[in-house]
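> My questions will all concern the structure given below.
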Amino acid sequence: MTVLIGAIEAGGTKFVCGIGNDRGEILERASFPTETPDVTLERTLEFFRGRNVEAIGIGSFGPIDVNPDSPTYGHVTTTPKPGWKDFDFLGTMKREIPVPYGWDTDVNAAALGEARWGAARGLSNCLYYTVGTGVGVGVLVEGRLVHGLVHPEGGHVPVRRHPEDAFGGNCPYHGGDCLEGMAAGPAIERRWGMKGHLLPPDHKGWVFEAHYLAQAVASAILLLSPQKVILGGGVMKQMHLFPMIRREVQRLLNGYVQAKEILERIDDYIVPPGLGDNAGLAGALALGIEALGRRTG
């Protein structure tokens with residue numbers, strides 16, 4: 001008998017809901033814009049009602065509370081998205097559909113999905129960056145998603161400005177001093193007056209983009225020693241960025257990390273998602289599978 005698992009990729013721009021099985025196959029999906037919590041959650045609940053799912057995994061935009069011992073566990077916390085600040089996302093779902101839940105950030109979910117079924121399949125350590133409306137980082141270490149004081153916020157690591165880049169930054173917290181403020185999609189659009197996908201491949205903007213993303217990736221390699229670095233999100237659909245970032249990472253590391261993956265096989269080390277646009281939804285499915293396993297294990 002097929003076990004059905006629900007999955008929610010809760011993004012700041014759109015929600016993607018799906019139903020899959022314990023083999024990681026997505027059987028059905030629907031997407032709709034992220035509006036206010038009452039409107040968005042009603043559409044989400046409508047999708048799952050009567051579907052008899054055994055568990056649901058949620059990979060959510062953040063920041064979120066991922067500490068099970070916290071009184072605000074399951075809440076979206078300090079997001080600027082209207083209506084979502086301090087919203088009890090997980091609790092609302094549980095009250096309406098009382099099944100086991102997996103709960104994590106959307107990027108941590110994507111990292112888990114890629115480790116189960118995608119570009120990092122079979123590996124116990126990987127990083128997943130999403131570069132789009134914002135920049136987020138999911139971290140899998142020794143087969144476990146990383147939490148701690150809160151959850152990884154690698155989109156806000158400090159970066160050194162490119163010497164030719166006069167843009168002041170787009171982060172409301174850090175201006176131009178962090179990765180998201182300089183490299184997310186809205187930063188590209190504000191800097192050049194057009195969306196990134198409209199810039200030609202030889203535009204100077206991509207030199208800047210590789211400069212900032214490579215700094216973050218090189219630092220993460222030194223700190224976490226991942227076995228694979230996966231770069232996803234809308235900005236990374238510009239495939240000409242990958243060789244630029246790889247070269248810059250090698251330049252920054254300058255031979256210090258003596259690993260063939262970086263020195264000789266970097267094309268297979270810093271890669272796009274193996275699951276493509278399904279990474280987040282597949283990761284949420286993996287969270288649901290894990291939640292069901294905790295109940296039945």
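Letters for chains follow the order of the structure tokens (A, B, ...), residue numbers begin at 1 for each chain, and ligand numbers begin at 1 in the order shown.
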Hey, what's within 8 Å of Gly24 of chain A if we count only C-alpha atoms and toss same-chain stuff fewer than 6 positions away? As a PyMOL selection string, please?

chain A and resi 117+282+285-286

> Could those residues be written to a file, using N, CA, C and O atoms, as a PDB file, in the first residue's frame?


```
ATOM      1  N   TRP A 117      17.934  12.658  -2.955  1.00  0.00           N
ATOM      2  CA  TRP A 117      17.572  12.263  -4.318  1.00  0.00           C
ATOM      3  C   TRP A 117      18.248  13.092  -5.408  1.00  0.00           C
ATOM      4  O   TRP A 117      17.999  12.848  -6.579  1.00  0.00           O
ATOM      5  N   ALA A 282      10.701  18.562  -2.913  1.00  0.00           N
ATOM      6  CA  ALA A 282      11.212  17.239  -2.567  1.00  0.00           C
ATOM      7  C   ALA A 282      11.806  17.242  -1.169  1.00  0.00           C
ATOM      8  O   ALA A 282      11.660  16.272  -0.412  1.00  0.00           O
ATOM      9  N   LEU A 285       9.065  17.044   1.259  1.00  0.00           N
ATOM     10  CA  LEU A 285       8.612  15.653   1.291  1.00  0.00           C
ATOM     11  C   LEU A 285       9.527  14.810   2.182  1.00  0.00           C
ATOM     12  O   LEU A 285       9.057  13.995   2.992  1.00  0.00           O
ATOM     13  N   ALA A 286      10.842  15.022   2.070  1.00  0.00           N
ATOM     14  CA  ALA A 286      11.788  14.298   2.920  1.00  0.00           C
ATOM     15  C   ALA A 286      11.576  14.624   4.392  1.00  0.00           C
ATOM     16  O   ALA A 286      11.678  13.737   5.259  1.00  0.00           O
TER      17      ALA A 286
END
```

> What are the closest atom pairs, with distances in Å to one decimal, for all residues of segment 3-88 of chain A lying within 12 Å of segment 162-175 of chain A? Consider only C-alpha atoms, order rows by chain and residue number, and present the result as a Markdown table.


```
| residue | atom | partner | partner_atom | distance |
| --- | --- | --- | --- | --- |
| A:Thr78 | CA | A:Tyr173 | CA | 11.8 |
| A:Thr79 | CA | A:Pro172 | CA | 11.4 |
| A:Pro80 | CA | A:Pro172 | CA | 9.7 |
```

> With a distance cut-off of 8 Å and only C-alpha atoms, select the neighbouring residues of segment 204-217 of chain A, excluding the residue or stretch itself and same-chain residues fewer than 5 positions from it, and output the selection as a ChimeraX atom specification.

/A:154,157,159-162,165,179,182-183,188,192,199,229,241,244-246,248-249,252

> Identify which of the residues A:Leu27, A:Glu142, A:Thr92, A:Pro82 lies closest to Glu42 of chain A, counting only C-alpha atoms when measuring atom-to-atom distances.

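Checking each of A:Leu27, A:Glu142, A:Thr92, A:Pro82 against Glu42 of chain A, counting only C-alpha atoms, the winner is A:Thr92.
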
> What are the DSSP strand (DSSP E) residues of segment 122-212 of chain A, as a PyMOL selection string?

chain A and resi 126-131+135-141+144-145

> Residues as selected, C-alpha atoms, written as a compact mmCIF listing (two decimals), in the first residue's frame, can you do that?


```txt
# COMPACT_ATOMS: atom_id res chain seq x y z
CA CYS A 126 26.38 19.45 1.67
CA LEU A 127 25.41 23.09 1.34
CA TYR A 128 22.44 24.41 -0.58
CA TYR A 129 22.34 28.11 -1.49
CA THR A 130 19.25 29.69 -2.96
CA VAL A 131 19.87 33.02 -4.67
CA VAL A 135 19.77 34.53 -0.26
CA GLY A 136 19.39 31.52 2.03
CA VAL A 137 21.66 28.63 2.96
CA GLY A 138 20.75 25.11 3.98
CA VAL A 139 23.39 23.06 5.77
CA LEU A 140 23.55 19.28 6.11
CA VAL A 141 26.37 17.96 8.33
CA ARG A 144 21.70 16.08 9.98
CA LEU A 145 20.28 19.49 9.18
```
